[in-house]
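input_7.pdb, holding PDB, C-alpha atoms:
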```pdb
ATOM      1  CA  GLN I 134       0.000   0.000   0.000
ATOM      2  CA  VAL I 135       0.902   3.643  -0.447
ATOM      3  CA  GLN I 136       0.301   6.508   1.952
ATOM      4  CA  LEU I 137      -0.293  10.022   0.607
ATOM      5  CA  VAL I 138       0.159  13.219   2.602
ATOM      6  CA  GLU I 139      -1.006  16.518   1.136
ATOM      7  CA  SER I 140      -0.026  20.050   2.077
ATOM      8  CA  GLY I 141      -0.361  23.585   0.774
ATOM      9  CA  GLY I 142      -4.064  24.361   0.932
ATOM     10  CA  GLY I 143      -5.436  27.544   2.417
ATOM     11  CA  LEU I 144      -7.388  30.734   1.881
ATOM     12  CA  VAL I 145      -6.542  33.054  -1.000
ATOM     13  CA  GLN I 146      -8.226  35.917  -2.811
ATOM     14  CA  ALA I 147      -9.445  35.546  -6.368
ATOM     15  CA  GLY I 148      -6.581  35.945  -8.790
ATOM     16  CA  GLY I 149      -4.083  34.580  -6.303
ATOM     17  CA  SER I 150      -1.965  31.439  -6.331
ATOM     18  CA  LEU I 151      -1.432  28.345  -4.223
ATOM     19  CA  ARG I 152       0.822  25.336  -4.570
ATOM     20  CA  LEU I 153      -0.282  21.923  -3.373
ATOM     21  CA  SER I 154       2.129  19.091  -2.649
ATOM     22  CA  CYS I 155       1.493  15.388  -2.152
ATOM     23  CA  ALA I 156       4.195  13.075  -0.873
ATOM     24  CA  ALA I 157       3.859   9.322  -1.273
ATOM     25  CA  SER I 158       5.439   6.729   0.991
ATOM     26  CA  GLY I 159       5.330   2.970   1.278
ATOM     27  CA  ARG I 160       5.301   0.773  -1.841
ATOM     28  CA  THR I 161       5.875   3.715  -4.179
ATOM     29  CA  PHE I 162       7.331   1.491  -6.888
ATOM     30  CA  THR I 163       3.771   0.253  -7.502
ATOM     31  CA  ILE I 164       2.515   3.742  -8.475
ATOM     32  CA  ASN I 165       1.713   4.628 -12.066
ATOM     33  CA  ASP I 166      -0.283   7.855 -12.418
ATOM     34  CA  MET I 167      -0.590  10.493  -9.713
ATOM     35  CA  GLY I 168      -2.734  13.565  -9.581
ATOM     36  CA  TRP I 169      -5.461  15.624  -8.038
ATOM     37  CA  PHE I 170      -9.222  15.535  -7.749
ATOM     38  CA  ARG I 171     -11.440  18.039  -5.980
ATOM     39  CA  GLN I 172     -14.843  18.016  -4.344
ATOM     40  CA  ALA I 173     -16.922  21.103  -3.664
ATOM     41  CA  PRO I 174     -19.843  21.029  -1.209
ATOM     42  CA  GLU I 175     -22.781  19.009  -2.540
ATOM     43  CA  LYS I 176     -20.909  18.176  -5.729
ATOM     44  CA  GLN I 177     -19.254  15.019  -6.997
ATOM     45  CA  ARG I 178     -15.517  14.554  -6.850
ATOM     46  CA  GLU I 179     -13.977  15.608 -10.158
ATOM     47  CA  LEU I 180     -10.643  15.217 -11.871
ATOM     48  CA  VAL I 181      -8.379  18.265 -11.818
ATOM     49  CA  ALA I 182      -5.123  16.973 -13.263
ATOM     50  CA  GLN I 183      -3.175  13.743 -13.644
ATOM     51  CA  ILE I 184       0.395  12.974 -14.594
ATOM     52  CA  GLY I 185       2.024   9.732 -15.569
ATOM     53  CA  ARG I 186       5.348   8.416 -14.360
ATOM     54  CA  GLY I 187       6.845   9.639 -17.627
ATOM     55  CA  GLY I 188       5.542  13.164 -17.034
ATOM     56  CA  ARG I 189       2.669  13.484 -19.523
ATOM     57  CA  PRO I 190      -0.061  15.675 -17.940
ATOM     58  CA  ASN I 191      -3.811  15.678 -18.390
ATOM     59  CA  TYR I 192      -6.044  18.559 -17.224
ATOM     60  CA  ALA I 193      -9.703  19.272 -16.739
ATOM     61  CA  GLU I 194     -10.909  21.905 -19.177
ATOM     62  CA  SER I 195     -11.834  24.220 -16.330
ATOM     63  CA  VAL I 196      -8.219  24.526 -15.134
ATOM     64  CA  LYS I 197      -6.265  24.448 -18.398
ATOM     65  CA  GLY I 198      -3.942  27.424 -18.681
ATOM     66  CA  ARG I 199      -4.207  28.185 -14.956
ATOM     67  CA  PHE I 200      -3.021  25.032 -13.164
ATOM     68  CA  THR I 201       0.207  23.125 -13.725
ATOM     69  CA  ILE I 202       0.867  19.615 -12.447
ATOM     70  CA  SER I 203       4.387  18.327 -12.007
ATOM     71  CA  ARG I 204       6.032  15.305 -10.482
ATOM     72  CA  ASP I 205       9.368  14.489  -8.865
ATOM     73  CA  ASN I 206       9.772  10.726  -9.070
ATOM     74  CA  ALA I 207      12.925  10.784  -6.941
ATOM     75  CA  LYS I 208      10.935  12.372  -4.103
ATOM     76  CA  ASN I 209       7.715  10.466  -4.867
ATOM     77  CA  THR I 210       5.933  13.800  -4.814
ATOM     78  CA  VAL I 211       3.371  15.432  -7.073
ATOM     79  CA  TYR I 212       2.689  19.162  -7.139
ATOM     80  CA  LEU I 213      -0.185  21.319  -8.325
ATOM     81  CA  GLN I 214       0.606  24.951  -9.017
ATOM     82  CA  MET I 215      -2.664  26.879  -9.114
ATOM     83  CA  ASN I 216      -2.649  30.384 -10.566
ATOM     84  CA  SER I 217      -5.432  32.852 -11.350
ATOM     85  CA  LEU I 218      -7.637  31.153  -8.803
ATOM     86  CA  LYS I 219     -11.394  31.693  -8.959
ATOM     87  CA  PRO I 220     -14.073  31.312  -6.282
ATOM     88  CA  GLU I 221     -15.364  28.287  -8.182
ATOM     89  CA  ASP I 222     -12.043  26.548  -7.506
ATOM     90  CA  THR I 223     -13.044  26.356  -3.831
ATOM     91  CA  ALA I 224     -13.092  22.698  -2.819
ATOM     92  CA  VAL I 225     -11.317  19.989  -0.890
ATOM     93  CA  TYR I 226      -8.450  18.804  -3.061
ATOM     94  CA  TYR I 227      -7.495  15.138  -2.896
ATOM     95  CA  CYS I 228      -4.266  13.613  -4.106
ATOM     96  CA  ASN I 229      -4.513  10.213  -5.788
ATOM     97  CA  ALA I 230      -2.043   7.494  -6.712
ATOM     98  CA  ASP I 231      -3.084   4.877  -9.251
ATOM     99  CA  TYR I 232      -1.343   1.527  -9.109
ATOM    100  CA  ILE I 233       0.242  -0.235 -12.027
ATOM    101  CA  ASN I 234      -1.782  -2.906 -13.833
ATOM    102  CA  ASN I 235      -4.988  -1.087 -12.814
ATOM    103  CA  ASN I 236      -4.721  -2.478  -9.303
ATOM    104  CA  GLY I 237      -6.694   0.297  -7.670
ATOM    105  CA  ARG I 238      -6.183   3.784  -6.295
ATOM    106  CA  SER I 239      -5.125   5.359  -3.029
ATOM    107  CA  TRP I 240      -6.304   8.745  -1.765
ATOM    108  CA  GLY I 241      -4.814  11.398   0.449
ATOM    109  CA  GLN I 242      -6.752  12.892   3.335
ATOM    110  CA  GLY I 243      -7.634  16.060   1.422
ATOM    111  CA  THR I 244      -6.665  19.687   1.801
ATOM    112  CA  GLN I 245      -9.064  22.626   1.769
ATOM    113  CA  VAL I 246      -8.647  25.365  -0.829
ATOM    114  CA  THR I 247     -10.856  28.422  -0.380
ATOM    115  CA  VAL I 248     -10.874  31.283  -2.873
ATOM    116  CA  SER I 249     -12.624  34.459  -1.746
ATOM    117  CA  PRO I 250     -14.188  36.871  -4.276
TER
END
```
Once more with this new file: its structure as structure tokens, please.
Amino acid sequence: QVQLVESGGGLVQAGGSLRLSCAASGRTFTINDMGWFRQAPEKQRELVAQIGRGGRPNYAESVKGRFTISRDNAKNTVYLQMNSLKPEDTAVYYCNADYINNNGRSWGQGTQVTVSP
């Protein structure tokens, strides 16, 4: 199993920036993709961005051009740089790690991001 610990959430004004980090520990050699989902109150959890072990990113349309995902395989850490934040970006952000051979997914505990108007 893999354990994921997120950091970097907080309160920011619209137009501001935040950087989220997620560090993986445990059987990290079993991880394939890593990334971020988010869940706003009374809404379903949605994909924000994913990145493969080789570094190819995938973004939700709503964050393209504003968010950048990156990964440091040596540190088993994935980052989400969020710029030009909007109130609609307010949500709990969850880090995920997908295992190789489609053997499931692990989640972090979540970190709150709040963007004020």
Just the residues within 8 Å of segment 203-211 of chain I, please, counting only C-alpha atoms, with nothing from its chain fewer than 5 positions along; format it as a PyMOL selection string. chain I and resi 154-158+161+167-168+184+186+188+190
Distance criterion (only C-alpha atoms): nearest to Gly241 of chain I out of I:Gly198, I:Trp169, I:Leu151, I:Thr223: I:Trp169
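Residues of protein, DNA and RNA with at least one atom no farther than 6 Å from (-2.8, 18.7, 0.8) are, using only C-alpha atoms, I:Glu139, I:Ser140, I:Gly141, I:Gly142, I:Leu153, I:Gly243, I:Thr244.
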If you count all atoms listed in the file, which residues fall within 10 Å of Lys197 of chain I, apart from same-chain ones fewer than 4 positions away, as an MDAnalysis selection string? chainID I and resid 181:182 191:193 201
Go ahead and write the selection's residues with C-alpha atoms as a tab-separated table (two decimals), in the coordinates of the input.
```tsv
chain	number	residue	atom	x	y	z
I	181	VAL	CA	-8.38	18.26	-11.82
I	182	ALA	CA	-5.12	16.97	-13.26
I	191	ASN	CA	-3.81	15.68	-18.39
I	192	TYR	CA	-6.04	18.56	-17.22
I	193	ALA	CA	-9.70	19.27	-16.74
I	201	THR	CA	0.21	23.12	-13.72
```
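Each of I:Ser217, I:Gln242, I:Thr247, I:Gln172 was compared to Asn229 of chain I using only C-alpha atoms, and I:Gln242 turns out to be the nearest.
Coordinates place atom CA of Ala230 of chain I at a distance of 11.8 Å from atom CA of Gly159 of chain I.
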Asn216 of chain I environment, 12 Å, only C-alpha atoms, sequence neighbours closer than 4 positions dropped, as a ChimeraX atom specification: /I:145-153,196-202,222,248
Can you tell me, as a PyMOL selection string, what residues are no more than 12 Å from Gln177 of chain I when counting only C-alpha atoms, ignoring any on the same chain fewer than 6 positions away? chain I and resi 170-171+224-225
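The gap separating atom CA of Tyr232 of chain I from atom CA of Ile164 of chain I is 4.5 Å, in Å to one decimal.
In this model, the gap between atom CA of Ile233 of chain I and atom CA of Thr163 of chain I comes to 5.8 Å.
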If you count all atoms listed in the file, the residue of I:Leu180, I:Val135, I:Met215, I:Leu144 closest to Ser249 of chain I turns out to be I:Leu144
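Each of I:Asn236, I:Asp231, I:Gln245, I:Leu137 was compared to Asp166 of chain I using only C-alpha atoms, and I:Asp231 turns out to be the nearest.
Residue nearest Gly185 of chain I within the list I:Val246, I:Asn165, I:Ala173, I:Leu213: I:Asn165 [criterion: smallest interatomic distance, only C-alpha atoms].
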